[in-house]
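See below for the structure under consideration.
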Amino acid sequence: MNRKFFILFGPPGAGKGTQAGALAERFNLCHISTGELLRSEIAAGTALGAKAKALIDNGNLVPDEMVEAMIEAKFQSVDGVDGFLLDGFPRTVSQAEALDAMLSKNGESVTACLSIMIPDSLVHERIAHRALLEGRADDARDEVVSNRIQTYHAKTEPLIAYYKSAGLYREVNGVGTIDQVRERIFQQI
Ligand code: ADP
């Protein structure tokens with residue numbers, strides 16, 4: 001198999017979900033958002049959803065094993081695409097190592113880590129705006145948003161060095177219009 005695995009990386013509110021649709025369509029990729037998958041589990045009232053809900057509502061990460069299992073199931077079940085666009089995964093170095101391990105079992109590997117960067121001040125602004133549009137519980141409270149930003153810096157940001165050292169890191173400026181940011185990402189693929 002010669003599937004592509006793109007990681008869409010960036011702080012909460014950077015625009016990963018906004019950009020993912022156009023990228024997935026243009027390059028025939030299956031878009032997987034771990035946040036969306038978890039929210040569907042919560043909405044469906046599953047045991048996994050119940051376990052995830054309190055963590056997500058407080059701005060904490062769910063356990064690595066939980067998202068790793070969801071991702072691996074998708075890799076095995078989705079057909080007819082040229083690859084995958086991972087949005088919100090990996091979010092810890094341990095998840096990145098698990099991803100490398102699950103891909104290498106099939107002789108596959110990460111193609112590139114596409115990073116959308118915005119300053120923390122803009123994270124607050126964008127999430128406050130999104131809270132009005134989408135009504136997500138984890139967007140509504142300022143202390144939860146602050147915790148998510150802190151979690152990003154502590155646990156997710158180390159992935160930048162991880163993918164830089166693998167020669168896979170490509171960064172674009174996430175400040176600008178949706179079209180501008182999309183064009184910047186296209187140029188990096
Ligand atoms: P955002 O990019 O705005 O933070 P997401 O929809 O990607 O939103 O994620 C929402 C929440 O779902 C996260 O704050 C976290 O609690 C949980 N989550 C999503 N992906 C992961 C992951 N890979 N590992 C752990 N928790 C995750």
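Chain identifiers are assigned as A, B, and so on, following the order in which chains appear in the structure tokens; residues are numbered from 1 within each chain, and ligands are numbered from 1 in order of appearance.
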At a cut-off of 7 Å around ligand 1, and using only C-alpha atoms and all ligand atoms, what residues come up? Please write them as number ranges by chain.
A: 11-13, 16, 33-36, 38, 55-56, 59-64, 67, 87-91, 148
Using only C-alpha atoms, determine which residues lie at most 12 Å from Ala137 in chain A, disregarding the query and same-chain residues fewer than 3 positions distant; provide the list as a list in words.
Arg39, Ile42, Lys53, Ala54, Leu55, Ile56, Asp57, Asn58, Gly59, Ile127, Ala128, Arg130, Ala131, Leu132, Leu133, Glu134, Ala140, Arg141, Asp142, Val144 and Val145 of chain A
Members of chain A assigned helix (DSSP H, G or I) by DSSP, as a count of residues only:
112
To one decimal in Å, tell me the separation between CA of Asp120 in chain A and CA of Ser146 in chain A.
9.3 Å
Taking the backbone alone, and naming residues the way the document does, which bits of range 7-188 of chain A are strand (DSSP E) by DSSP, as a list in words?
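DSSP-assigned strand (DSSP E) residues in range 7-188 of chain A: Ile7, Leu8, Phe9, Leu29, Cys30, His31, Ile32, Ser33, Gly83, Phe84, Leu85, Leu86, Asp87, Ala112, Cys113, Leu114, Ser115, Ile116, Met117, Tyr169, Arg170, Glu171, Val172 and Asn173 of chain A.
Restricting the calculation to only C-alpha atoms, the smallest distance between Asp79 in chain A and any of A:Cys30, A:Ile116, A:Leu122, A:Ala44 is found for A:Cys30.
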Who sits within 8 Å of Asp82 in chain A, only C-alpha atoms, same chain under 6 positions skipped, as a list of chain:residue names
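Listed by chain and then number, they are A:Asn2, A:Arg3, A:Lys4, A:Phe27, A:Asn28, A:Leu29.
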Show me, as a list in words, the residues that have an atom within 10 Å of Val175 in chain A when counting only C-alpha atoms, minus same-chain residues fewer than 5 positions from it.
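With the cut-off at 10 Å, the set is Ala14, Gly15, Ile116, Met117, Ile118, Pro119, Leu122, Gln180 and Val181 of chain A.
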